[in-house]
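Reproduced below: run05.cif, with mmCIF, C-alpha atoms.
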data_entry
loop_
_atom_site.label_atom_id
_atom_site.label_comp_id
_atom_site.auth_asym_id
_atom_site.auth_seq_id
_atom_site.Cartn_x
_atom_site.Cartn_y
_atom_site.Cartn_z
CA MET A 899 122.12 91.93 132.62
CA PRO A 900 125.23 90.16 131.19
CA THR A 901 125.41 88.15 134.41
CA LEU A 902 121.74 87.16 134.10
CA ASN A 903 122.30 86.10 130.50
CA LYS A 904 125.21 83.89 131.54
CA ILE A 905 123.10 82.26 134.26
CA ARG A 906 120.26 81.66 131.81
CA ALA A 907 122.66 80.09 129.28
CA ALA A 908 124.15 77.80 131.90
CA LEU A 909 120.73 76.62 132.99
CA THR A 910 119.48 75.91 129.48
CA THR A 911 122.65 74.01 128.63
CA HIS A 912 121.79 71.28 131.15
CA ARG A 913 118.07 71.15 130.53
CA ASP A 914 116.66 67.79 129.50
CA PRO A 915 115.88 68.06 125.76
CA LEU A 916 113.11 65.43 125.81
CA PRO A 917 110.09 67.70 126.55
CA ALA A 918 111.23 70.26 123.95
CA ASP A 919 111.96 67.87 121.09
CA PRO A 920 109.05 65.73 119.80
CA HIS A 921 111.40 64.07 117.30
CA LEU A 922 113.28 62.41 120.14
CA THR A 923 110.00 61.29 121.67
CA ARG A 924 108.94 59.66 118.40
CA LEU A 925 112.32 57.98 118.07
CA ARG A 926 112.06 56.65 121.62
CA ILE A 927 108.63 55.17 120.91
CA ALA A 928 109.89 53.58 117.70
CA VAL A 929 112.98 52.05 119.29
CA THR A 930 110.86 50.79 122.19
CA ALA A 931 108.54 49.10 119.67
CA PHE A 932 111.49 47.24 118.12
CA PHE A 933 112.62 45.97 121.54
CA ALA A 934 109.10 44.79 122.36
CA MET A 935 108.74 43.11 118.96
CA ASP A 936 112.07 41.32 119.40
CA GLY A 937 110.99 39.83 122.73
CA PHE A 938 107.52 38.99 121.37
CA LEU A 939 108.81 37.10 118.33
CA PHE A 940 111.55 35.22 120.17
CA ALA A 941 109.20 34.07 122.92
CA GLY A 942 106.64 33.00 120.32
CA TRP A 943 109.28 30.81 118.68
CA VAL A 944 110.41 29.31 121.98
CA VAL A 945 106.94 28.08 122.98
CA ARG A 946 106.66 26.19 119.65
CA ILE A 947 109.93 24.28 120.06
CA PRO A 948 108.11 21.12 121.31
CA ALA A 949 105.89 21.13 118.21
CA ILE A 950 108.89 21.64 115.91
CA LYS A 951 110.71 18.80 117.68
CA ALA A 952 107.80 16.44 117.05
CA GLN A 953 107.56 17.53 113.42
CA THR A 954 111.25 16.91 112.71
CA GLY A 955 111.38 13.68 114.69
CA ALA A 956 114.60 14.84 116.34
CA GLY A 957 115.83 13.31 119.57
CA ALA A 958 116.94 15.41 122.51
CA GLY A 959 120.58 15.43 121.43
CA ALA A 960 119.86 16.25 117.80
CA LEU A 961 117.46 19.00 118.83
CA GLY A 962 120.07 20.47 121.16
CA LEU A 963 122.58 20.65 118.33
CA ALA A 964 119.99 22.21 116.03
CA LEU A 965 119.12 24.84 118.63
CA LEU A 966 122.76 25.83 118.79
CA GLY A 967 122.16 27.29 115.33
CA VAL A 968 120.37 30.24 116.94
CA SER A 969 123.35 31.01 119.14
CA ALA A 970 125.93 30.40 116.41
CA GLY A 971 124.11 32.65 113.96
CA ALA A 972 123.66 35.38 116.54
CA VAL A 973 127.29 35.44 117.66
CA ALA A 974 128.56 35.31 114.08
CA PHE A 975 126.55 38.35 112.99
CA MET A 976 126.87 40.51 116.10
CA MET A 977 130.38 41.68 115.28
CA LEU A 978 129.52 42.18 111.62
CA THR A 979 126.50 44.28 112.60
CA GLY A 980 128.67 46.77 114.44
CA ARG A 981 130.52 47.50 111.21
CA LEU A 982 127.27 47.64 109.24
CA CYS A 983 125.90 50.21 111.68
CA ARG A 984 128.96 52.40 111.15
CA ARG A 985 128.61 52.03 107.38
CA PHE A 986 124.85 52.42 106.90
CA GLY A 987 123.62 53.78 110.25
CA SER A 988 121.96 51.96 113.14
CA HIS A 989 118.45 52.94 112.01
CA THR A 990 118.78 51.34 108.59
CA VAL A 991 120.32 48.17 110.01
CA THR A 992 117.62 47.95 112.71
CA ILE A 993 114.86 48.05 110.09
CA ALA A 994 116.56 45.49 107.83
CA SER A 995 117.34 43.14 110.73
CA ALA A 996 113.79 43.34 112.11
CA ALA A 997 112.33 42.48 108.71
CA ALA A 998 114.76 39.56 108.40
CA LEU A 999 113.80 38.29 111.86
CA ALA A 1000 110.10 38.45 111.07
CA LEU A 1001 110.56 36.56 107.80
CA SER A 1002 112.95 33.96 109.18
CA ILE A 1003 110.59 32.96 112.00
CA MET A 1004 108.42 31.28 109.35
CA LEU A 1005 111.22 28.89 108.34
CA PRO A 1006 111.42 26.37 111.25
CA PRO A 1007 107.93 24.85 110.66
CA LEU A 1008 108.94 24.13 107.06
CA THR A 1009 111.73 21.75 108.08
CA HIS A 1010 111.43 17.98 108.51
CA SER A 1011 114.85 17.04 109.87
CA ALA A 1012 117.17 18.21 112.62
CA THR A 1013 119.82 19.14 110.04
CA ALA A 1014 117.44 21.37 108.09
CA LEU A 1015 116.19 22.90 111.34
CA GLY A 1016 119.74 23.75 112.39
CA LEU A 1017 120.42 25.44 109.06
CA VAL A 1018 117.32 27.66 109.16
CA LEU A 1019 118.01 28.50 112.80
CA LEU A 1020 121.39 29.85 111.71
CA VAL A 1021 119.46 32.37 109.60
CA PHE A 1022 117.01 33.10 112.42
CA GLY A 1023 119.85 33.53 114.91
CA ALA A 1024 121.77 35.83 112.56
CA ALA A 1025 118.74 38.12 112.24
CA TYR A 1026 118.13 37.99 116.00
CA GLY A 1027 121.73 38.86 116.88
CA SER A 1028 121.90 41.58 114.24
CA LEU A 1029 118.69 43.22 115.48
CA ASN A 1030 119.91 43.18 119.08
CA VAL A 1031 123.14 44.99 118.23
CA ALA A 1032 121.49 47.47 115.84
CA MET A 1033 118.59 48.48 118.09
CA ASN A 1034 120.88 48.76 121.13
CA SER A 1035 123.16 51.01 119.07
CA ALA A 1036 120.15 53.14 118.10
CA ALA A 1037 119.15 53.26 121.76
CA VAL A 1038 122.62 54.42 122.82
CA ASP A 1039 122.51 57.29 120.29
CA LEU A 1040 119.09 58.28 121.61
CA ILE A 1041 120.19 58.09 125.24
CA ASN A 1042 123.08 60.44 124.51
CA ALA A 1043 120.68 62.94 122.93
CA LEU A 1044 118.10 62.66 125.72
CA ARG A 1045 120.80 62.91 128.40
CA ARG A 1046 118.82 60.43 130.46
CA PRO A 1047 119.83 56.82 131.26
CA VAL A 1048 116.71 55.22 129.77
CA MET A 1049 118.29 51.98 128.50
CA PRO A 1050 116.50 49.88 131.18
CA SER A 1051 113.14 51.02 129.81
CA PHE A 1052 114.00 49.59 126.38
CA HIS A 1053 114.95 46.25 127.90
CA ALA A 1054 111.76 46.35 129.98
CA ALA A 1055 109.88 46.54 126.67
CA PHE A 1056 111.77 43.45 125.52
CA SER A 1057 110.77 41.61 128.70
CA LEU A 1058 107.13 42.69 128.38
CA GLY A 1059 107.09 41.62 124.74
CA GLY A 1060 108.52 38.27 125.75
CA MET A 1061 105.92 37.74 128.45
CA LEU A 1062 103.15 38.64 126.01
CA GLY A 1063 104.57 36.39 123.29
CA ALA A 1064 104.92 33.44 125.65
CA GLY A 1065 101.44 33.94 127.11
CA LEU A 1066 99.72 34.20 123.74
CA GLY A 1067 101.77 31.30 122.40
CA GLY A 1068 100.66 29.10 125.26
CA LEU A 1069 97.01 30.02 124.62
CA VAL A 1070 97.04 29.23 120.89
CA ALA A 1071 99.41 26.25 120.95
CA GLY A 1072 96.54 23.80 121.24
CA SER A 1073 94.43 25.31 118.47
CA LEU A 1074 96.91 26.57 115.87
CA SER A 1075 99.65 24.66 114.12
CA ALA A 1076 103.20 25.92 114.46
CA THR A 1077 103.13 26.97 110.80
CA VAL A 1078 100.04 29.15 111.21
CA HIS A 1079 101.16 30.56 114.55
CA LEU A 1080 104.64 31.56 113.40
CA THR A 1081 103.27 32.95 110.14
CA LEU A 1082 100.94 35.20 112.13
CA LEU A 1083 103.90 36.28 114.24
CA ALA A 1084 105.80 37.13 111.06
CA VAL A 1085 102.90 39.32 109.91
CA VAL A 1086 102.87 41.14 113.26
CA GLY A 1087 106.64 41.62 113.07
CA LEU A 1088 106.49 43.04 109.57
CA LEU A 1089 103.68 45.43 110.53
CA VAL A 1090 105.63 46.71 113.54
CA THR A 1091 108.74 47.06 111.37
CA ALA A 1092 106.83 49.06 108.77
CA VAL A 1093 105.19 51.41 111.29
CA ALA A 1094 108.11 51.89 113.67
CA GLY A 1095 110.61 51.84 110.83
CA ARG A 1096 108.90 54.83 109.28
CA SER A 1097 109.87 56.91 112.30
CA LEU A 1098 113.46 55.69 112.08
CA ARG A 1099 113.60 56.55 108.37
CA THR A 1100 111.99 59.96 108.89
CA HIS A 1101 114.12 60.98 111.86
CA PRO A 1102 117.84 60.29 111.51
CA ALA A 1103 119.87 59.15 114.49
CA PRO A 1104 120.69 62.13 116.74
CA VAL A 1105 124.30 63.22 116.63
CA VAL A 1106 125.80 64.37 119.91
CA PRO A 1107 129.17 66.15 119.65
CA GLU A 1108 131.95 64.35 121.44
CA ARG A 1109 133.06 66.27 124.50
CA ARG A 1110 136.51 65.65 125.93
CA THR A 1111 137.84 67.03 129.17
CA ALA A 1112 141.11 68.94 129.37
CA ALA A 1113 142.79 65.89 130.89
CA GLU A 1114 141.55 63.71 128.03
CA GLU A 1115 142.75 66.25 125.46
CA SER A 1116 146.24 66.03 126.93
CA ARG A 1117 146.39 62.25 126.49
CA PRO A 1118 147.39 60.61 123.20
CA ARG A 1119 144.38 59.52 121.15
CA SER A 1120 145.80 55.98 120.80
CA GLY A 1121 145.91 55.68 124.60
CA GLN A 1122 142.30 56.76 124.82
CA GLU A 1123 141.26 54.21 122.21
CA GLY A 1124 143.13 51.39 123.96
CA ARG A 1125 141.54 52.26 127.29
CA GLY A 1126 138.13 52.43 125.59
CA ARG A 1127 138.53 48.94 124.11
CA ARG A 1128 139.47 47.54 127.51
CA LEU A 1129 136.44 49.18 129.10
CA VAL A 1130 134.15 47.72 126.44
CA VAL A 1131 135.44 44.22 127.26
CA VAL A 1132 134.92 44.91 130.97
CA PHE A 1133 131.33 45.94 130.34
CA GLY A 1134 130.92 42.81 128.24
CA LEU A 1135 132.14 40.68 131.15
CA ILE A 1136 129.59 42.34 133.44
CA ALA A 1137 126.90 41.57 130.87
CA LEU A 1138 128.13 37.97 130.65
CA CYS A 1139 127.71 37.50 134.40
CA THR A 1140 124.06 38.52 134.33
CA ALA A 1141 123.26 36.71 131.05
CA TYR A 1142 124.64 33.53 132.63
CA GLY A 1143 122.04 33.90 135.36
CA GLU A 1144 119.17 34.57 132.95
CA GLY A 1145 120.01 31.54 130.84
CA ALA A 1146 120.44 29.30 133.87
CA MET A 1147 117.14 30.38 135.42
CA ALA A 1148 115.23 29.90 132.17
CA ASP A 1149 116.46 26.31 131.75
CA TRP A 1150 116.96 25.11 135.32
CA GLY A 1151 114.89 27.23 137.71
CA ALA A 1152 111.61 25.34 137.34
CA LEU A 1153 113.43 21.98 137.36
CA HIS A 1154 115.08 22.87 140.66
CA LEU A 1155 111.68 23.52 142.25
CA THR A 1156 110.19 20.25 141.00
CA GLN A 1157 113.22 17.99 141.40
CA ASP A 1158 114.71 19.27 144.65
CA LEU A 1159 111.71 20.81 146.46
CA ALA A 1160 108.87 18.57 145.20
CA ALA A 1161 106.87 21.43 143.69
CA GLY A 1162 104.04 20.66 141.27
CA PRO A 1163 104.30 21.70 137.62
CA GLY A 1164 102.09 24.75 138.12
CA THR A 1165 104.02 25.95 141.16
CA ALA A 1166 107.34 25.42 139.40
CA ALA A 1167 106.17 27.44 136.39
CA ALA A 1168 104.96 30.17 138.75
CA GLY A 1169 108.42 30.25 140.36
CA TYR A 1170 110.08 31.14 137.07
CA ALA A 1171 107.25 33.53 136.22
CA VAL A 1172 107.98 35.40 139.47
CA PHE A 1173 111.62 35.70 138.45
CA ALA A 1174 110.67 37.03 134.99
CA LEU A 1175 108.11 39.45 136.45
CA ALA A 1176 110.63 40.76 138.98
CA MET A 1177 113.11 41.39 136.17
CA THR A 1178 110.47 43.29 134.20
CA LEU A 1179 109.49 45.44 137.19
CA GLY A 1180 113.14 46.09 137.94
CA ARG A 1181 113.76 47.30 134.40
CA LEU A 1182 110.68 49.52 134.45
CA SER A 1183 112.16 51.31 137.45
CA GLY A 1184 115.73 51.12 136.16
CA THR A 1185 115.90 54.62 134.68
CA ALA A 1186 114.91 56.20 138.00
CA VAL A 1187 117.41 54.02 139.86
CA VAL A 1188 120.31 55.00 137.57
CA GLN A 1189 119.35 58.68 137.69
CA ARG A 1190 119.17 58.61 141.47
CA PHE A 1191 122.27 56.55 142.28
CA GLY A 1192 124.38 56.48 139.10
CA ALA A 1193 125.37 53.58 136.86
CA ALA A 1194 128.23 52.25 138.99
CA ARG A 1195 126.20 52.12 142.20
CA ALA A 1196 123.26 50.56 140.35
CA LEU A 1197 125.53 47.81 139.01
CA ILE A 1198 127.10 47.16 142.41
CA ALA A 1199 123.73 47.09 144.17
CA GLY A 1200 122.22 44.89 141.46
CA GLY A 1201 125.03 42.35 141.62
CA THR A 1202 124.91 42.25 145.42
CA THR A 1203 121.13 41.86 145.48
CA ALA A 1204 121.22 39.10 142.86
CA THR A 1205 123.91 37.27 144.86
CA ALA A 1206 121.78 37.24 148.00
CA GLY A 1207 118.63 36.31 146.11
CA MET A 1208 120.19 33.41 144.22
CA LEU A 1209 121.82 31.97 147.32
CA LEU A 1210 118.37 31.90 148.92
CA GLY A 1211 116.73 30.54 145.76
CA ALA A 1212 119.30 27.75 145.35
CA LEU A 1213 119.69 26.67 148.98
CA ALA A 1214 116.29 27.41 150.58
CA PRO A 1215 114.56 24.32 152.05
CA THR A 1216 111.03 25.30 150.94
CA VAL A 1217 109.40 26.18 147.64
CA TRP A 1218 108.10 29.54 148.83
CA ALA A 1219 111.46 30.64 150.22
CA ALA A 1220 113.12 29.62 146.96
CA GLY A 1221 110.49 31.55 145.01
CA ALA A 1222 111.19 34.62 147.12
CA GLY A 1223 114.87 34.19 146.37
CA PHE A 1224 114.12 33.98 142.64
CA ALA A 1225 112.18 37.25 142.86
CA VAL A 1226 115.03 39.02 144.65
CA ALA A 1227 117.52 37.64 142.13
CA GLY A 1228 115.34 38.90 139.27
CA LEU A 1229 115.27 42.39 140.74
CA GLY A 1230 119.04 42.33 141.15
CA LEU A 1231 119.83 41.04 137.66
CA ALA A 1232 117.25 43.25 135.93
CA ASN A 1233 119.35 46.28 135.05
CA ILE A 1234 122.89 44.92 134.94
CA PHE A 1235 122.79 43.85 131.28
CA PRO A 1236 121.14 47.04 129.90
CA ILE A 1237 123.44 49.33 131.89
CA ALA A 1238 126.52 47.41 130.75
CA ILE A 1239 125.45 47.53 127.09
CA ALA A 1240 124.63 51.24 127.34
CA ARG A 1241 128.05 52.01 128.83
CA ALA A 1242 129.78 49.92 126.17
CA GLY A 1243 127.92 51.88 123.50
CA GLU A 1244 128.90 55.21 125.03
CA THR A 1245 132.52 54.08 125.15
CA GLY A 1246 132.86 52.33 121.79
CA GLY A 1247 129.80 53.20 119.68
CA PRO A 1248 128.18 50.43 117.56
CA ASP A 1249 131.37 48.35 117.71
CA GLY A 1250 131.31 48.66 121.50
CA VAL A 1251 127.71 47.43 121.58
CA ALA A 1252 128.66 44.55 119.28
CA VAL A 1253 131.64 43.45 121.39
CA ALA A 1254 129.80 43.71 124.72
CA SER A 1255 126.71 41.96 123.29
CA THR A 1256 128.81 39.13 121.90
CA VAL A 1257 130.65 38.63 125.19
CA GLY A 1258 127.43 38.97 127.17
CA TYR A 1259 125.54 36.57 124.93
CA GLY A 1260 128.30 34.08 125.58
CA GLY A 1261 127.10 34.00 129.18
CA MET A 1262 123.65 32.90 128.08
CA LEU A 1263 125.28 30.13 126.03
CA LEU A 1264 127.59 29.11 128.86
CA GLY A 1265 125.01 29.10 131.65
CA PRO A 1266 122.69 26.16 130.86
CA PRO A 1267 125.37 23.58 129.91
CA ALA A 1268 127.63 24.67 132.78
CA ILE A 1269 124.77 24.27 135.24
CA GLY A 1270 123.97 20.84 133.78
CA PHE A 1271 127.57 19.66 134.08
CA LEU A 1272 127.87 20.89 137.66
CA ALA A 1273 124.49 19.42 138.57
CA GLU A 1274 125.70 15.99 137.47
CA ALA A 1275 128.77 16.32 139.68
CA ALA A 1276 127.46 18.11 142.76
CA GLY A 1277 123.69 18.46 142.52
CA LEU A 1278 121.48 21.17 141.07
CA PRO A 1279 121.19 23.38 144.19
CA LEU A 1280 124.95 23.75 144.43
CA ALA A 1281 125.23 24.26 140.67
CA LEU A 1282 122.74 27.14 140.84
CA THR A 1283 124.93 28.93 143.38
CA THR A 1284 127.28 29.70 140.48
CA VAL A 1285 124.66 32.26 139.38
CA ALA A 1286 125.19 33.98 142.73
CA LEU A 1287 128.95 33.69 142.32
CA LEU A 1288 128.95 35.41 138.91
CA ALA A 1289 126.56 38.09 140.14
CA ALA A 1290 129.06 38.80 142.91
CA VAL A 1291 131.85 38.92 140.29
CA ALA A 1292 129.82 41.50 138.35
CA ALA A 1293 129.45 43.61 141.49
CA VAL A 1294 133.19 43.39 142.20
CA ILE A 1295 134.10 44.37 138.61
CA ALA A 1296 131.63 47.28 138.76
CA TYR A 1297 133.18 48.44 142.03
CA ALA A 1298 136.73 48.13 140.73
CA THR A 1299 135.89 50.18 137.61
CA ARG A 1300 133.48 52.62 139.26
CA GLY A 1301 135.65 55.60 138.30
CA ALA A 1302 135.15 54.73 134.62
CA HIS A 1303 131.33 54.92 134.82
CA HIS A 1304 129.31 57.99 134.19
CA THR A 1305 127.23 58.99 137.16
CA GLY A 1306 123.97 58.71 135.26
CA ARG A 1307 123.01 62.23 136.49
CA ARG A 1308 124.20 64.47 133.72
#

Would you write out, as structure tokens, the structure that this file holds?
Amino acid sequence: MPTLNKIRAALTTHRDPLPADPHLTRLRIAVTAFFAMDGFLFAGWVVRIPAIKAQTGAGAGALGLALLGVSAGAVAFMMLTGRLCRRFGSHTVTIASAAALALSIMLPPLTHSATALGLVLLVFGAAYGSLNVAMNSAAVDLINALRRPVMPSFHAAFSLGGMLGAGLGGLVAGSLSATVHLTLLAVVGLLVTAVAGRSLRTHPAPVVPERRTAAEESRPRSGQEGRGRRLVVVFGLIALCTAYGEGAMADWGALHLTQDLAAGPGTAAAGYAVFALAMTLGRLSGTAVVQRFGAARALIAGGTTATAGMLLGALAPTVWAAGAGFAVAGLGLANIFPIAIARAGETGGPDGVAVASTVGYGGMLLGPPAIGFLAEAAGLPLALTTVALLAAVAAVIAYATRGAHHTGRR
């Protein structure tokens, strides 16, 4: 009987807590709602940029500088948000940031100059960056409690929200002014924040005791912390490589199809839509992939797949072959960013999420202008091969640091 009791205890120790704990299920639904809302609101803003440009009378250069306010605000507040999460908790900061994002999305239609637009976009970007760090930190805490690598499912919700926001925005753009449209989005955002935020307020973030191996116990704590900081930066670099590709595809993918392969506007839009859909499908299956193969193998396979897909997409001689390459690249890139952010959070907590997010977001900032500069010098097809190059770099980094990754099968 003592032996049977020991076996039963060992088995229950490794059992997945999700089916037995409805609180974790409610938290997962709530965090998923915040990811979906984030994508929905941001996409809704993006589709109204042409209307805001016309309203402000800004030229292309002035608008570009104003749009940098989103990035500047996001990067500035990402690091601060990590400290706020440690001080007040990731749930509280998630709720506050989501409310701020919903309210700030109403500001751009109220501006009538590029300067004013840039200033309000600093506020919008700060809320956007803060929400991304806070909700990813909340997701990392939940993942540790669930003992399942479900981060890709949260980012799939972001992608689905973005697709829905862009689709609805396109439908109402001709009938609703930007002011009315973005005000309605703000109302939706506040409603989601109120409903999902109630679950976050009711159920505190799960606390998982830190478990250190005997080898780790024998090492000095300062050495562990230094190694952890280096790993966080490494995960941030992996995130940067994939964010570079996402930013480049969003700004240059459709142009490549029209300019270099003579595709019509509808076909070019469909080419990017295929890329976005492939990323969404890849993230929906990401949890199963990480559970089956582990985080390191998933990163290596994703980077390798994205490399092959982008080489085909950039250099293919026909529109349909390039579209197929975009789809393959989307599948490859899909889970690299969420896995990297999840691993950074496990290694460094909210500060780890903040550092990796800031570094990764830098890739999205770097991608479009870098592609434009290279396109001027060597042509757009060759410039787009840098997406494949950085995807390969991500795969190499993941392979070189594979011993530092958890297996994903706990």

For each of A:Ile947, A:Ala970, A:Ala931, A:Leu1017, take the minimum atom-to-atom distance to Ser1075 (chain A), counting all atoms listed in the file, then give the residue where this is smallest.
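Closest candidate: A:Ile947.
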
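Of the residues under consideration (A:Leu982, A:Leu1138, A:Ala1054, A:Val991), A:Ala1054 shows the shortest atom-to-atom contact distance to Ala934 (chain A) when counting all atoms listed in the file.
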
Length of the CA of Ala1152 (chain A) to CA of Pro1236 (chain A) vector [Å]
24.8 Å

Pick from A:Ala1076, A:Val1187, A:Val1285, A:Val1251: nearest to Val1038 (chain A), with only C-alpha atoms counted?
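Going through A:Ala1076, A:Val1187, A:Val1285, A:Val1251 one by one, the smallest distance to Val1038 (chain A) is for A:Val1251.
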
Using only C-alpha atoms, which residues of region 1183-1284 of chain A come within 9 Å of region 1145-1149 of chain A, and what is the closest atom pair for each, with the distance in Å to one decimal? Give it as JSON lines, sorted by chain and residue number.
{"residue": "A:Phe1224", "atom": "CA", "partner": "A:Met1147", "partner_atom": "CA", "distance": 8.6}
{"residue": "A:Gly1261", "atom": "CA", "partner": "A:Gly1145", "partner_atom": "CA", "distance": 7.7}
{"residue": "A:Met1262", "atom": "CA", "partner": "A:Gly1145", "partner_atom": "CA", "distance": 4.8}
{"residue": "A:Leu1263", "atom": "CA", "partner": "A:Gly1145", "partner_atom": "CA", "distance": 7.3}
{"residue": "A:Leu1264", "atom": "CA", "partner": "A:Gly1145", "partner_atom": "CA", "distance": 8.2}
{"residue": "A:Gly1265", "atom": "CA", "partner": "A:Ala1146", "partner_atom": "CA", "distance": 5.1}
{"residue": "A:Pro1266", "atom": "CA", "partner": "A:Ala1146", "partner_atom": "CA", "distance": 4.9}
{"residue": "A:Pro1267", "atom": "CA", "partner": "A:Ala1146", "partner_atom": "CA", "distance": 8.5}
{"residue": "A:Ala1268", "atom": "CA", "partner": "A:Ala1146", "partner_atom": "CA", "distance": 8.6}
{"residue": "A:Ile1269", "atom": "CA", "partner": "A:Ala1146", "partner_atom": "CA", "distance": 6.8}
{"residue": "A:Leu1282", "atom": "CA", "partner": "A:Ala1146", "partner_atom": "CA", "distance": 7.7}

For Leu1062 (chain A): contacts at 12 Å, all atoms listed in the file, fewer than 3 positions along chain excluded, given as a PyMOL selection string
chain A and resi 934-942+945+1055-1059+1065-1069+1174-1175+1178

Identify the residues within 6 Å of coordinate (122.3, 33.9, 137.6) (same frame as the file), considering all atoms listed in the file, and give the answer as a VMD selection string.
chain A and resid 1140 1142 to 1144 1285 to 1286

From the set A:Val1018, A:Ala974, A:Ala1012, A:Ala1238, which residue has the shortest atom-to-atom contact distance to Gly959 (chain A), counting all atoms listed in the file?
A:Ala1012

Quick one: everything within 9 Å of Thr1256 (chain A), counting only C-alpha atoms, minus sequence neighbours fewer than 2 positions away in the same chain. Send it as a list in words.
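That gives Ala972, Val973, Ala974, Met976, Met977, Gly1027, Val1031, Gly1134, Leu1138, Val1251, Ala1252, Val1253, Ala1254, Gly1258, Tyr1259 and Gly1260 of chain A.
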
For C-alpha atoms, I'd like the residues from the last selection saved as a JSON list (two decimals), in the frame of the given file.
[["chain", "number", "residue", "atom", "x", "y", "z"],
["A", 972, "ALA", "CA", 123.66, 35.38, 116.54],
["A", 973, "VAL", "CA", 127.29, 35.44, 117.66],
["A", 974, "ALA", "CA", 128.56, 35.31, 114.08],
["A", 976, "MET", "CA", 126.87, 40.51, 116.10],
["A", 977, "MET", "CA", 130.38, 41.68, 115.28],
["A", 1027, "GLY", "CA", 121.73, 38.86, 116.88],
["A", 1031, "VAL", "CA", 123.14, 44.99, 118.23],
["A", 1134, "GLY", "CA", 130.92, 42.81, 128.24],
["A", 1138, "LEU", "CA", 128.13, 37.97, 130.65],
["A", 1251, "VAL", "CA", 127.71, 47.43, 121.58],
["A", 1252, "ALA", "CA", 128.66, 44.55, 119.28],
["A", 1253, "VAL", "CA", 131.64, 43.45, 121.39],
["A", 1254, "ALA", "CA", 129.80, 43.71, 124.72],
["A", 1258, "GLY", "CA", 127.43, 38.97, 127.17],
["A", 1259, "TYR", "CA", 125.54, 36.57, 124.93],
["A", 1260, "GLY", "CA", 128.30, 34.08, 125.58]]

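Taking CA of Ala1024 (chain A) and CA of Ala1137 (chain A) as endpoints, the distance between them is 19.9 Å.
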
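Of the listed residues (A:Gly1201, A:Gly1207, A:Gly1247, A:Pro1215), A:Gly1201 comes nearest to Tyr1297 (chain A); the distances count only C-alpha atoms.
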